[in-house]
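Asks: Pasting upload-v8.txt below, which is compact mmCIF, C-alpha atoms.
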```
# COMPACT_ATOMS: atom_id res chain seq x y z
CA MET A 1 -132.14 71.75 399.86
CA THR A 2 -130.08 71.86 396.69
CA LEU A 3 -127.30 74.38 396.28
CA SER A 4 -125.75 75.34 392.99
CA LEU A 5 -122.06 76.09 392.86
CA THR A 6 -119.86 77.07 389.94
CA ALA A 7 -116.11 76.87 389.47
CA SER A 8 -116.03 80.68 389.79
CA ASP A 9 -117.14 80.35 393.43
CA PHE A 10 -113.82 78.65 394.16
CA LYS A 11 -110.37 80.15 394.36
CA LEU A 12 -107.74 78.50 392.20
CA ARG A 13 -104.93 77.47 394.54
CA GLN A 14 -102.67 75.32 392.42
CA ALA A 15 -102.30 74.25 388.81
CA THR A 16 -99.99 71.56 387.49
CA CYS A 17 -99.24 70.40 384.01
CA GLU A 18 -97.58 67.01 383.74
CA ILE A 19 -96.29 65.11 380.74
CA ARG A 20 -95.36 61.44 380.94
CA TYR A 21 -93.21 59.61 378.46
CA PRO A 22 -91.44 56.28 378.03
CA GLU A 23 -88.13 56.11 379.93
CA ALA A 24 -85.95 59.08 379.00
CA PHE A 25 -82.53 57.85 380.04
CA LEU A 26 -81.02 61.11 378.82
CA VAL A 27 -82.26 62.52 382.14
CA PHE A 28 -79.05 61.09 383.63
CA ASP A 29 -76.86 63.09 381.22
CA ARG A 30 -78.74 66.23 380.35
CA THR A 31 -80.76 67.41 383.35
CA GLY A 32 -77.93 69.85 384.01
CA ASP A 33 -78.38 71.32 380.53
CA VAL A 34 -82.13 71.59 381.13
CA TYR A 35 -81.39 73.44 384.37
CA ARG A 36 -78.87 75.80 382.77
CA GLN A 37 -81.16 76.72 379.89
CA LEU A 38 -84.14 77.14 382.18
CA ALA A 39 -82.09 79.41 384.45
CA LYS A 40 -81.76 81.81 381.51
CA LYS A 41 -85.55 82.00 381.09
CA PHE A 42 -86.91 81.75 384.65
CA THR A 43 -86.37 84.11 387.57
CA ASN A 44 -84.33 83.02 390.60
CA LEU A 45 -84.21 79.39 389.58
CA HIS A 46 -82.61 77.13 392.16
CA SER A 47 -82.39 73.41 392.66
CA ASP A 48 -84.30 71.96 395.64
CA SER A 49 -83.13 68.40 395.21
CA ALA A 50 -81.14 66.59 392.60
CA SER A 51 -80.85 62.84 392.31
CA PRO A 52 -80.23 60.74 389.20
CA ALA A 53 -83.88 59.81 388.88
CA GLN A 54 -85.52 63.07 389.92
CA THR A 55 -84.55 66.72 390.01
CA GLN A 56 -86.72 69.41 391.50
CA MET A 57 -86.12 73.06 390.83
CA THR A 58 -88.03 76.14 391.88
CA ALA A 59 -88.31 79.60 390.37
CA GLU A 60 -90.74 82.47 390.69
CA GLU A 61 -92.60 81.01 387.72
CA GLY A 62 -93.24 77.73 389.57
CA SER A 63 -91.60 74.47 390.50
CA VAL A 64 -90.32 72.05 387.90
CA VAL A 65 -89.79 68.33 388.47
CA VAL A 66 -87.84 66.32 385.91
CA GLU A 67 -88.05 62.54 386.25
CA ILE A 68 -87.07 59.63 384.09
CA LYS A 69 -90.70 59.13 383.00
CA ALA A 70 -92.39 62.43 383.75
CA LEU A 71 -91.97 66.16 383.81
CA ARG A 72 -94.24 68.62 385.55
CA LEU A 73 -94.59 72.28 386.25
CA THR A 74 -96.59 73.46 389.26
CA ASP A 75 -97.82 77.01 389.70
CA ASN A 76 -98.91 77.87 393.25
CA SER A 77 -100.30 81.27 392.32
CA PRO A 78 -102.00 80.61 388.99
CA ASP A 79 -104.22 83.02 387.12
CA PHE A 80 -107.78 81.87 386.41
CA LYS A 81 -107.20 81.33 382.67
CA LEU A 82 -103.88 79.55 383.27
CA GLU A 83 -102.15 81.76 380.72
CA LYS A 84 -99.08 82.07 382.92
CA LEU A 85 -98.80 78.32 383.42
CA ALA A 86 -99.29 77.75 379.68
CA ALA A 87 -96.53 80.18 378.70
CA ASN A 88 -94.12 78.82 381.32
CA MET A 89 -94.89 75.22 380.37
CA ALA A 90 -94.13 76.07 376.75
CA THR A 91 -90.68 77.24 377.87
CA VAL A 92 -90.04 74.14 380.00
CA PHE A 93 -91.40 71.83 377.32
CA ASP A 94 -89.30 73.28 374.49
CA ILE A 95 -86.10 72.90 376.50
CA ALA A 96 -86.85 69.47 377.98
CA ALA A 97 -88.21 67.94 374.78
CA LYS A 98 -85.09 69.00 372.91
CA GLN A 99 -82.58 68.00 375.58
CA LEU A 100 -84.23 64.71 376.55
CA GLU A 101 -85.21 63.96 372.92
CA LEU A 102 -88.85 63.44 373.82
CA SER A 103 -91.06 62.67 370.87
CA VAL A 104 -93.99 60.74 372.31
CA PHE A 105 -96.08 61.27 375.42
CA THR A 106 -98.07 58.54 377.13
CA ARG A 107 -100.11 60.99 379.18
CA ILE A 108 -100.49 64.74 379.32
CA GLY A 109 -102.43 66.03 382.27
CA LEU A 110 -103.68 69.29 383.69
CA ARG A 111 -104.61 69.30 387.35
CA GLN A 112 -106.27 72.21 389.11
CA ILE A 113 -106.99 72.48 392.81
CA LEU A 114 -109.56 75.03 393.88
CA THR A 115 -110.97 75.80 397.31
CA LYS A 116 -113.97 77.59 398.73
CA THR A 117 -113.57 78.76 402.30
CA TYR A 118 -116.31 78.61 404.95
CA LYS A 119 -116.52 80.00 408.45
CA THR A 120 -117.63 76.94 410.39
CA GLU A 121 -116.67 73.27 410.47
CA GLN A 122 -120.11 72.11 409.36
CA GLU A 123 -120.49 74.34 406.34
CA PRO A 124 -118.19 72.59 403.82
CA GLU A 125 -119.89 69.22 404.34
CA ALA A 126 -123.32 70.83 404.28
CA ALA A 127 -122.47 72.56 401.01
CA LEU A 128 -121.18 69.31 399.53
CA ASN A 129 -124.33 67.40 400.47
CA ALA A 130 -126.56 70.21 399.29
CA LEU A 131 -125.26 69.61 395.78
CA GLN A 132 -127.20 66.30 395.75
CA LEU A 133 -125.31 64.89 392.79
CA PHE A 134 -126.31 61.36 393.80
CA LYS A 135 -129.72 60.20 394.86
CA LEU A 136 -128.58 58.53 398.06
CA GLY A 137 -131.39 59.84 400.26
CA ASP A 138 -131.19 60.34 404.00
CA GLU A 139 -130.34 56.73 404.88
CA LYS A 140 -127.43 56.03 407.18
CA ARG A 141 -124.61 54.39 405.14
CA PHE A 142 -121.99 52.09 406.67
CA GLY A 143 -123.01 53.36 410.08
CA ALA A 144 -121.25 56.61 409.29
CA GLY A 145 -124.19 58.85 408.74
CA PRO A 146 -126.11 59.91 405.68
CA ASN A 147 -123.78 62.78 404.80
CA ILE A 148 -120.93 62.24 402.37
CA SER A 149 -117.67 64.04 403.00
CA GLU A 150 -115.98 63.36 399.67
CA PHE A 151 -116.74 62.01 396.24
CA GLN A 152 -114.77 61.35 393.12
CA ILE A 153 -116.07 60.72 389.60
CA ARG A 154 -114.05 59.72 386.57
CA TRP A 155 -114.93 59.81 382.89
CA GLU A 156 -112.54 58.10 380.53
CA ASN A 157 -112.46 56.67 377.04
CA LYS A 158 -109.53 55.54 374.89
CA GLU A 159 -108.51 59.10 374.08
CA ILE A 160 -109.24 61.47 376.91
CA GLY A 161 -110.19 61.37 380.58
CA ALA A 162 -111.20 63.58 383.47
CA THR A 163 -111.65 63.26 387.21
CA ILE A 164 -113.60 65.49 389.54
CA ARG A 165 -113.08 65.16 393.26
CA ILE A 166 -114.88 67.27 395.83
CA LYS A 167 -113.97 67.04 399.48
CA ALA A 168 -115.11 68.81 402.62
CA GLU A 169 -111.94 69.52 404.52
CA ASN A 170 -111.29 70.88 407.98
CA GLY A 171 -107.90 71.55 409.49
CA THR A 172 -105.84 73.82 411.64
CA ILE A 173 -102.60 75.69 411.20
CA ASP A 174 -100.48 76.08 414.32
CA ALA A 175 -97.23 77.96 414.13
CA LYS A 176 -94.80 79.36 416.68
CA LEU A 177 -92.96 82.39 415.45
CA PRO A 178 -89.23 82.72 416.22
CA PRO A 179 -88.61 84.93 419.29
CA ASP A 180 -86.20 87.06 417.22
CA LEU A 181 -89.18 88.49 415.36
CA GLU A 182 -90.52 89.94 418.63
CA MET A 183 -94.04 89.69 417.28
CA GLU A 184 -97.17 89.59 419.38
CA PRO A 185 -98.85 87.19 419.49
CA SER A 186 -95.92 84.84 419.02
CA GLU A 187 -98.16 81.92 418.11
CA ILE A 188 -100.58 81.56 415.23
CA HIS A 189 -103.61 79.33 415.33
CA LYS A 190 -106.00 79.23 412.44
CA GLU A 191 -108.86 76.90 411.66
CA ILE A 192 -109.49 76.13 408.01
CA HIS A 193 -112.83 74.98 406.63
CA HIS A 194 -112.71 74.30 402.93
CA LEU A 195 -114.57 72.68 400.14
CA VAL A 196 -111.80 71.39 397.87
CA LEU A 197 -112.44 70.94 394.17
CA ASP A 198 -109.77 68.82 392.52
CA LEU A 199 -109.97 68.66 388.72
CA ASP A 200 -107.77 66.43 386.61
CA TYR A 201 -108.03 66.45 382.81
CA TYR A 202 -105.70 64.22 380.82
CA THR A 203 -105.01 62.38 377.60
CA VAL A 204 -105.24 58.58 377.50
CA ALA A 205 -104.07 57.96 373.94
CA VAL A 206 -100.46 58.70 373.10
CA VAL A 207 -99.65 62.23 371.97
CA GLU A 208 -96.85 62.96 369.54
CA ARG A 209 -94.65 66.00 369.91
CA GLY A 210 -95.88 67.58 366.70
CA GLN A 211 -99.44 67.40 368.01
CA TRP A 212 -98.99 69.22 371.28
CA ASP A 213 -98.64 72.89 371.92
CA PRO A 214 -98.64 73.74 375.66
CA ASN A 215 -99.90 77.29 375.11
CA THR A 216 -102.93 76.13 373.16
CA TRP A 217 -103.75 72.95 375.05
CA ILE A 218 -103.49 74.26 378.62
CA THR A 219 -105.63 77.37 378.17
CA GLN A 220 -108.18 75.45 376.11
CA SER A 221 -108.28 72.60 378.66
CA ALA A 222 -108.81 75.07 381.48
CA ARG A 223 -111.88 76.38 379.66
CA ILE A 224 -113.22 72.89 378.94
CA VAL A 225 -112.77 71.78 382.55
CA ARG A 226 -114.45 74.88 384.01
CA LYS A 227 -117.37 74.62 381.62
CA GLU A 228 -117.94 70.94 382.31
CA THR A 229 -117.52 71.42 386.06
CA ASP A 230 -120.13 74.17 386.06
CA ARG A 231 -122.50 71.92 384.15
CA ILE A 232 -121.98 69.07 386.61
CA LEU A 233 -122.27 71.18 389.76
CA SER A 234 -125.45 72.84 388.56
CA LEU A 235 -127.22 69.57 387.79
CA MET B 1 -95.62 44.34 363.50
CA SER B 2 -99.35 44.66 363.01
CA THR B 3 -100.03 41.59 365.21
CA LEU B 4 -97.93 43.02 368.02
CA ALA B 5 -99.58 46.39 367.71
CA THR B 6 -103.01 44.80 367.90
CA GLN B 7 -102.04 42.98 371.09
CA VAL B 8 -100.88 46.18 372.69
CA ILE B 9 -104.12 47.93 371.91
CA GLN B 10 -106.24 45.05 373.16
CA PHE B 11 -104.67 44.45 376.53
CA PRO B 12 -104.33 47.71 378.38
CA ASP B 13 -107.34 48.47 380.49
CA VAL B 14 -106.83 52.14 381.08
CA SER B 15 -109.71 52.39 383.50
CA ARG B 16 -107.83 50.09 385.90
CA ARG B 17 -104.33 51.29 385.46
CA ARG B 18 -102.25 51.95 388.51
CA LYS B 19 -102.28 55.49 389.74
CA HIS B 20 -98.96 57.28 390.03
CA VAL B 21 -98.37 59.22 393.20
CA SER B 22 -97.49 62.67 391.96
CA ALA B 23 -98.58 66.25 392.15
CA ALA B 24 -100.38 66.09 388.88
CA SER B 25 -102.10 62.76 389.30
CA GLU B 26 -104.29 61.02 391.76
CA THR B 27 -102.82 60.13 395.10
CA VAL B 28 -105.04 57.06 395.41
CA SER B 29 -103.05 53.87 395.35
CA GLU B 30 -104.74 51.06 393.50
CA THR B 31 -103.37 47.54 393.28
CA PRO B 32 -103.77 46.10 389.82
CA LYS B 33 -105.89 42.97 389.61
CA PRO B 34 -104.35 39.77 388.25
CA GLY B 35 -104.29 39.80 384.48
CA VAL B 36 -104.68 43.54 384.30
CA ARG B 37 -101.66 45.32 382.87
CA THR B 38 -100.29 48.36 384.55
CA ILE B 39 -99.34 51.53 382.74
CA GLU B 40 -95.67 50.57 383.03
CA GLN B 41 -96.34 47.30 381.22
CA ARG B 42 -98.22 49.17 378.55
CA GLU B 43 -95.29 51.49 378.02
CA PHE B 44 -92.90 48.53 377.91
CA GLN B 45 -94.97 46.91 375.21
CA PHE B 46 -95.16 50.20 373.45
CA MET B 47 -91.35 50.42 373.42
CA GLN B 48 -91.07 46.85 372.16
CA VAL B 49 -93.06 47.63 369.05
CA ALA B 50 -90.64 50.36 368.10
CA GLY B 51 -92.23 53.43 369.50
CA ALA B 52 -95.39 55.36 369.40
CA THR B 53 -96.14 54.77 365.78
CA ALA B 54 -97.27 51.30 366.84
CA LEU B 55 -100.08 52.85 368.88
CA ASN B 56 -102.55 55.20 367.33
CA PRO B 57 -101.88 58.77 368.44
CA ILE B 58 -104.75 60.81 369.74
CA PRO B 59 -106.87 62.34 366.95
CA ILE B 60 -106.01 66.02 366.57
CA ASP B 61 -109.69 67.00 366.74
CA VAL B 62 -109.98 65.37 370.16
CA LEU B 63 -106.91 67.21 371.42
CA TYR B 64 -108.20 70.54 370.11
CA PRO B 65 -112.00 70.30 369.80
CA ALA B 66 -113.55 72.71 367.30
CA THR B 67 -116.50 73.20 369.64
CA GLU B 68 -114.32 75.13 372.05
CA ASN B 69 -113.37 78.76 371.70
CA ASN B 70 -109.94 77.72 370.52
CA ARG B 71 -107.29 79.65 368.64
CA ARG B 72 -108.68 80.62 365.26
CA ASP B 73 -105.58 79.97 363.19
CA LEU B 74 -105.42 76.35 364.35
CA LEU B 75 -109.11 75.63 363.86
CA HIS B 76 -109.08 77.33 360.45
CA ALA B 77 -106.09 75.26 359.33
CA LEU B 78 -107.65 72.05 360.63
CA GLN B 79 -110.76 72.84 358.60
CA LEU B 80 -108.87 73.77 355.42
CA LEU B 81 -106.42 70.88 355.36
CA PRO B 82 -109.02 68.11 354.81
CA SER B 83 -110.28 70.01 351.74
CA ALA B 84 -106.75 70.21 350.36
CA ILE B 85 -106.11 66.54 351.13
CA HIS B 86 -109.38 65.51 349.48
CA ALA B 87 -108.58 67.55 346.37
CA LEU B 88 -105.12 66.00 346.12
CA GLU B 89 -106.55 62.49 346.49
CA SER B 90 -108.92 63.33 343.63
CA ALA B 91 -105.96 64.64 341.61
CA ARG B 92 -104.08 61.38 342.24
CA ASP B 93 -107.09 59.27 341.23
CA ALA B 94 -107.66 61.33 338.08
CA LEU B 95 -104.01 60.98 337.08
CA ARG B 96 -104.19 57.22 337.61
CA ALA B 97 -107.19 57.24 335.27
CA ASN B 98 -105.01 59.09 332.73
CA ASP B 99 -107.11 62.25 333.04
CA ILE B 100 -104.30 64.82 333.30
CA ILE B 101 -106.56 67.83 332.80
CA GLN B 102 -108.91 66.80 335.59
CA SER B 103 -105.93 66.02 337.82
CA ASP B 104 -104.44 69.46 337.16
CA HIS B 105 -107.82 71.02 337.93
CA PHE B 106 -107.75 69.45 341.43
CA VAL B 107 -104.13 70.50 341.97
CA HIS B 108 -105.14 74.10 341.17
CA ALA B 109 -107.86 73.82 343.81
CA VAL B 110 -105.16 72.93 346.32
CA GLN B 111 -103.00 75.82 345.13
CA MET B 112 -105.90 78.21 345.77
CA LEU B 113 -106.06 77.03 349.40
CA LEU B 114 -102.37 77.57 350.12
CA PRO B 115 -102.46 81.38 350.68
CA GLU B 116 -105.27 80.86 353.18
CA LEU B 117 -103.24 78.16 354.91
CA PHE B 118 -100.21 80.44 354.92
CA ARG B 119 -102.28 82.96 356.87
CA CYS B 120 -102.37 80.34 359.65
CA ARG B 121 -98.56 80.33 359.88
CA THR B 122 -98.72 81.60 363.48
CA ILE B 123 -99.34 77.96 364.40
CA GLY B 124 -95.61 77.43 364.22
CA ASP B 125 -92.41 77.66 362.22
CA GLY B 126 -92.67 74.05 361.04
CA PHE B 127 -96.20 74.58 359.72
CA ALA B 128 -95.22 77.83 358.00
CA SER B 129 -92.13 76.36 356.34
CA ILE B 130 -94.04 73.41 354.83
CA ILE B 131 -96.86 75.60 353.48
CA ASN B 132 -94.32 78.10 352.16
CA ALA B 133 -92.35 75.32 350.44
CA LEU B 134 -95.56 74.07 348.80
CA GLU B 135 -96.54 77.54 347.60
CA VAL B 136 -93.09 78.11 346.10
CA SER B 137 -93.10 74.63 344.49
CA PHE B 138 -96.44 75.25 342.82
CA VAL B 139 -95.30 78.64 341.49
CA ASN B 140 -92.06 77.10 340.20
CA GLN B 141 -94.09 74.54 338.24
CA ARG B 142 -95.03 77.45 335.90
CA GLY B 143 -98.28 75.79 334.94
CA ALA B 144 -96.84 72.33 334.37
CA PRO B 145 -99.05 69.59 335.89
CA LEU B 146 -97.75 67.59 338.84
CA ILE B 147 -96.67 64.03 338.21
CA GLU B 148 -97.94 61.27 340.51
CA LYS B 149 -94.78 61.19 342.61
CA GLN B 150 -95.13 64.92 343.30
CA ILE B 151 -98.82 64.63 344.11
CA LEU B 152 -98.08 61.83 346.59
CA ALA B 153 -95.26 63.78 348.28
CA THR B 154 -97.55 66.82 348.60
CA LEU B 155 -100.33 64.61 349.94
CA ARG B 156 -98.01 63.15 352.58
CA ALA B 157 -96.84 66.63 353.64
CA LEU B 158 -100.41 67.89 354.03
CA LYS B 159 -101.55 64.77 355.90
CA GLU B 160 -98.58 65.18 358.23
CA LEU B 161 -99.64 68.76 358.92
CA ARG B 162 -103.24 67.74 359.53
CA SER B 163 -102.26 65.28 362.25
CA ARG B 164 -99.23 67.16 363.61
CA PRO B 165 -99.79 70.89 363.06
CA PHE B 166 -97.21 71.80 365.71
CA VAL B 167 -94.42 69.99 363.88
CA THR B 168 -91.05 71.45 364.80
CA PHE B 169 -89.04 73.39 362.24
CA GLU B 170 -86.39 70.64 362.19
CA ALA B 171 -88.96 67.89 361.58
CA ALA B 172 -90.63 70.01 358.88
CA GLN B 173 -87.36 70.01 356.93
CA HIS B 174 -87.77 66.25 356.38
CA SER B 175 -91.14 66.82 354.72
CA ILE B 176 -89.62 69.58 352.59
CA GLU B 177 -86.73 67.32 351.60
CA GLU B 178 -89.27 64.71 350.49
CA LEU B 179 -90.94 67.32 348.29
CA ALA B 180 -87.59 68.20 346.77
CA GLU B 181 -86.74 64.53 346.22
CA ALA B 182 -90.03 64.18 344.30
CA GLY B 183 -88.74 66.83 341.89
CA LEU B 184 -90.49 69.89 343.27
CA GLN B 185 -88.47 73.12 343.41
CA VAL B 186 -89.06 74.16 347.00
CA ASP B 187 -86.79 77.24 346.90
CA PRO B 188 -87.71 80.45 345.11
CA ILE B 189 -86.05 80.52 341.69
CA THR B 190 -84.82 84.07 342.17
CA LEU B 191 -83.01 82.97 345.31
CA GLY B 192 -81.37 80.15 343.37
CA ASN B 193 -80.26 82.61 340.66
CA LEU B 194 -78.73 84.91 343.26
CA ILE B 195 -76.80 82.02 344.80
CA ASP B 196 -75.55 80.94 341.36
CA VAL B 197 -74.19 84.41 340.49
CA SER B 198 -70.40 84.23 340.16
CA PRO B 199 -68.38 86.73 342.21
```
Is it possible to give me this structure as structure tokens?
Replies:
Amino acid sequence: MTLSLTASDFKLRQATCEIRYPEAFLVFDRTGDVYRQLAKKFTNLHSDSASPAQTQMTAEEGSVVVEIKALRLTDNSPDFKLEKLAANMATVFDIAAKQLELSVFTRIGLRQILTKTYKTEQEPEAALNALQLFKLGDEKRFGAGPNISEFQIRWENKEIGATIRIKAENGTIDAKLPPDLEMEPSEIHKEIHHLVLDLDYYTVAVVERGQWDPNTWITQSARIVRKETDRILSL
Amino acid sequence: MSTLATQVIQFPDVSRRRKHVSAASETVSETPKPGVRTIEQREFQFMQVAGATALNPIPIDVLYPATENNRRDLLHALQLLPSAIHALESARDALRANDIIQSDHFVHAVQMLLPELFRCRTIGDGFASIINALEVSFVNQRGAPLIEKQILATLRALKELRSRPFVTFEAAQHSIEELAEAGLQVDPITLGNLIDVSP
């Protein structure tokens, strides 16, 4: 049985935009300035950790990590078109590029993690195998059964690249609530059965500052990735 | 310089580069094979040859494909700029062949495209300031044909915009200074007259 899925069947859980650059030693001197300027633009910005090589800060807009060779913004409640991430990345990028004097980027990436929830443990793997993206047949492989539980495909040339990873995932969440809450039940147990779709779209060739506009690139890349993913999943 | 640059482009095998463990990249750890350069080595080489200009930047049409439902101002500008560049190259060639009239004819073709390019100024302040400076320069010529130096400076400015449309306002000032150094009057004459008025 083949089953067709589209990116719209999944819920977007997390989106991250990352830029990488040659060593920006100004990180040691100016991360504080980046933080101060960002605090004027973002809501409730606070620093989670600060070390010379890496500073992580979180605001309602998302979490920002500034490193000597990379900078990324992660949004844990992104909108489907990534317009929020794009606008916030434009803010972070303008400040960081100016303060750290970034002019060239060795990689710019957009990563999206989407999930589709199922009721039983067997369903995610069944859905994954129903896609039948590879003609592997019903033979037992490596003594581990004919079913695959994860696959990853990468396309890459000298300019641009993309990775699609799909994984059937099962897990549980166990939590004990503090007695002060006086809540019943005081323990939470939840089983999670997901099909995880992990999409990474990135540049391979160097990108110059005058070429890149976060607002344009992120929203456009989100569209490209969704369209291509739909085409692949419906093969 | 060119030999070094060639080496840098030949060696990196991007399909085998080491994966960085980070939120935005793969979490798979891959040990590089002997003889295969890692991304760090590529960047080191890249620094050694004096920055990114040693490696070819990504083509702008790959970064913003016209096939996608992209922002109209950007796509329109990216379509118009090659026409302007081609016309200016023709103007340069005609001038070198001592055909001033033909050269001026091509420069006028470029001038006709500038208002349309100015309509794409939402791309950014840098883009808008360069196009504005060109429009003003052409008006200030008052019909006089451009000399070769001016054509070349204009050509460089337009080529810069074609490959880096999101040029910052500060970086755009360098292009405008180049236009001025070539003898083009990049400021409106009326503005100059107002500044020159004695108190």
Asks: Quick one: residues within 10 Å of A:Gln152, all atoms listed in the file, excluding same-chain residues fewer than 3 positions away - as a ChimeraX atom specification?
Replies: /A:163-167,197-199
Asks: Find the residue from A:Gln112, A:Asn129, A:Thr55, A:Thr91 that sits nearest to A:Pro214; use all atoms listed in the file when measuring.
Replies: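 Residue with the minimum atom-to-atom distance to A:Pro214: A:Thr91.
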Asks: May I ask you to extract the residues of chain A within 9 Å of chain B, using all atoms listed in the file, and to give them as a VMD selection string?
Replies: chain A and resid 15 to 18 21 to 23 72 to 74 103 to 106 109 to 112 156 to 160 163 200 203 to 213 216 to 217 219 to 221 223 to 224
Asks: Please produce a file of the residues just selected, as a short mmCIF file (atom, residue, chain, number, x, y, z; two decimals), keeping the file's coordinate frame, where the atoms kept are C-alpha atoms.
Replies:
```cif
data_model
loop_
_atom_site.label_atom_id
_atom_site.label_comp_id
_atom_site.auth_asym_id
_atom_site.auth_seq_id
_atom_site.Cartn_x
_atom_site.Cartn_y
_atom_site.Cartn_z
CA ALA A 15 -102.30 74.25 388.81
CA THR A 16 -99.99 71.56 387.49
CA CYS A 17 -99.24 70.40 384.01
CA GLU A 18 -97.58 67.01 383.74
CA TYR A 21 -93.21 59.61 378.46
CA PRO A 22 -91.44 56.28 378.03
CA GLU A 23 -88.13 56.11 379.93
CA ARG A 72 -94.24 68.62 385.55
CA LEU A 73 -94.59 72.28 386.25
CA THR A 74 -96.59 73.46 389.26
CA SER A 103 -91.06 62.67 370.87
CA VAL A 104 -93.99 60.74 372.31
CA PHE A 105 -96.08 61.27 375.42
CA THR A 106 -98.07 58.54 377.13
CA GLY A 109 -102.43 66.03 382.27
CA LEU A 110 -103.68 69.29 383.69
CA ARG A 111 -104.61 69.30 387.35
CA GLN A 112 -106.27 72.21 389.11
CA GLU A 156 -112.54 58.10 380.53
CA ASN A 157 -112.46 56.67 377.04
CA LYS A 158 -109.53 55.54 374.89
CA GLU A 159 -108.51 59.10 374.08
CA ILE A 160 -109.24 61.47 376.91
CA THR A 163 -111.65 63.26 387.21
CA ASP A 200 -107.77 66.43 386.61
CA THR A 203 -105.01 62.38 377.60
CA VAL A 204 -105.24 58.58 377.50
CA ALA A 205 -104.07 57.96 373.94
CA VAL A 206 -100.46 58.70 373.10
CA VAL A 207 -99.65 62.23 371.97
CA GLU A 208 -96.85 62.96 369.54
CA ARG A 209 -94.65 66.00 369.91
CA GLY A 210 -95.88 67.58 366.70
CA GLN A 211 -99.44 67.40 368.01
CA TRP A 212 -98.99 69.22 371.28
CA ASP A 213 -98.64 72.89 371.92
CA THR A 216 -102.93 76.13 373.16
CA TRP A 217 -103.75 72.95 375.05
CA THR A 219 -105.63 77.37 378.17
CA GLN A 220 -108.18 75.45 376.11
CA SER A 221 -108.28 72.60 378.66
CA ARG A 223 -111.88 76.38 379.66
CA ILE A 224 -113.22 72.89 378.94
#
```
Asks: Please provide as a list in words all residues within 12 Å of A:Pro146, with the sequence filter that same-chain residues fewer than 3 positions apart are discarded (counting only C-alpha atoms).
Replies: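 Neighbouring residues, sequence-local ones excluded: Glu125, Ala126, Asn129, Gln132, Phe134, Lys135, Leu136, Gly137, Asp138, Glu139, Lys140, Arg141, Phe142, Gly143 and Ser149 of chain A.
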Asks: Take the residues from that selection and put them in a file with C-alpha atoms, as a PDB file, in the coordinates of the input.
Replies:
```pdb
ATOM      1  CA  GLU A 125    -119.890  69.220 404.340  1.00  0.00           C
ATOM      2  CA  ALA A 126    -123.320  70.830 404.280  1.00  0.00           C
ATOM      3  CA  ASN A 129    -124.330  67.400 400.470  1.00  0.00           C
ATOM      4  CA  GLN A 132    -127.200  66.300 395.750  1.00  0.00           C
ATOM      5  CA  PHE A 134    -126.310  61.360 393.800  1.00  0.00           C
ATOM      6  CA  LYS A 135    -129.720  60.200 394.860  1.00  0.00           C
ATOM      7  CA  LEU A 136    -128.580  58.530 398.060  1.00  0.00           C
ATOM      8  CA  GLY A 137    -131.390  59.840 400.260  1.00  0.00           C
ATOM      9  CA  ASP A 138    -131.190  60.340 404.000  1.00  0.00           C
ATOM     10  CA  GLU A 139    -130.340  56.730 404.880  1.00  0.00           C
ATOM     11  CA  LYS A 140    -127.430  56.030 407.180  1.00  0.00           C
ATOM     12  CA  ARG A 141    -124.610  54.390 405.140  1.00  0.00           C
ATOM     13  CA  PHE A 142    -121.990  52.090 406.670  1.00  0.00           C
ATOM     14  CA  GLY A 143    -123.010  53.360 410.080  1.00  0.00           C
ATOM     15  CA  SER A 149    -117.670  64.040 403.000  1.00  0.00           C
TER      16      SER A 149
END
```
Asks: Find the residues near B:Ile100: any atom within 12 Å, counting all atoms listed in the file, skip ones fewer than 3 places away on the same chain, and give them as a ChimeraX atom specification.
Replies: /B:90-97,103-107,144-148
Asks: By how many Å are atom CA of A:Val34 and atom CA of A:Gln54 apart?
Replies: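 Atom-to-atom, atom CA of A:Val34 and atom CA of A:Gln54 are spaced 12.7 Å apart.
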Asks: What does the distance between atom CA of B:Asp187 and atom CA of B:Ser137 come to in Å, to one decimal place?
Replies: 7.2 Å
Asks: What is the atom CA of B:Glu181 to atom CA of B:Asn140 distance in Å?
Replies: 14.9 Å
Asks: Between A:Leu71, A:His194, A:Pro185, A:Leu12, which residue has the minimum interatomic distance to A:Ile108, considering only C-alpha atoms?
Replies: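 Of the candidates, the smallest distance to A:Ile108 is held by A:Leu71.
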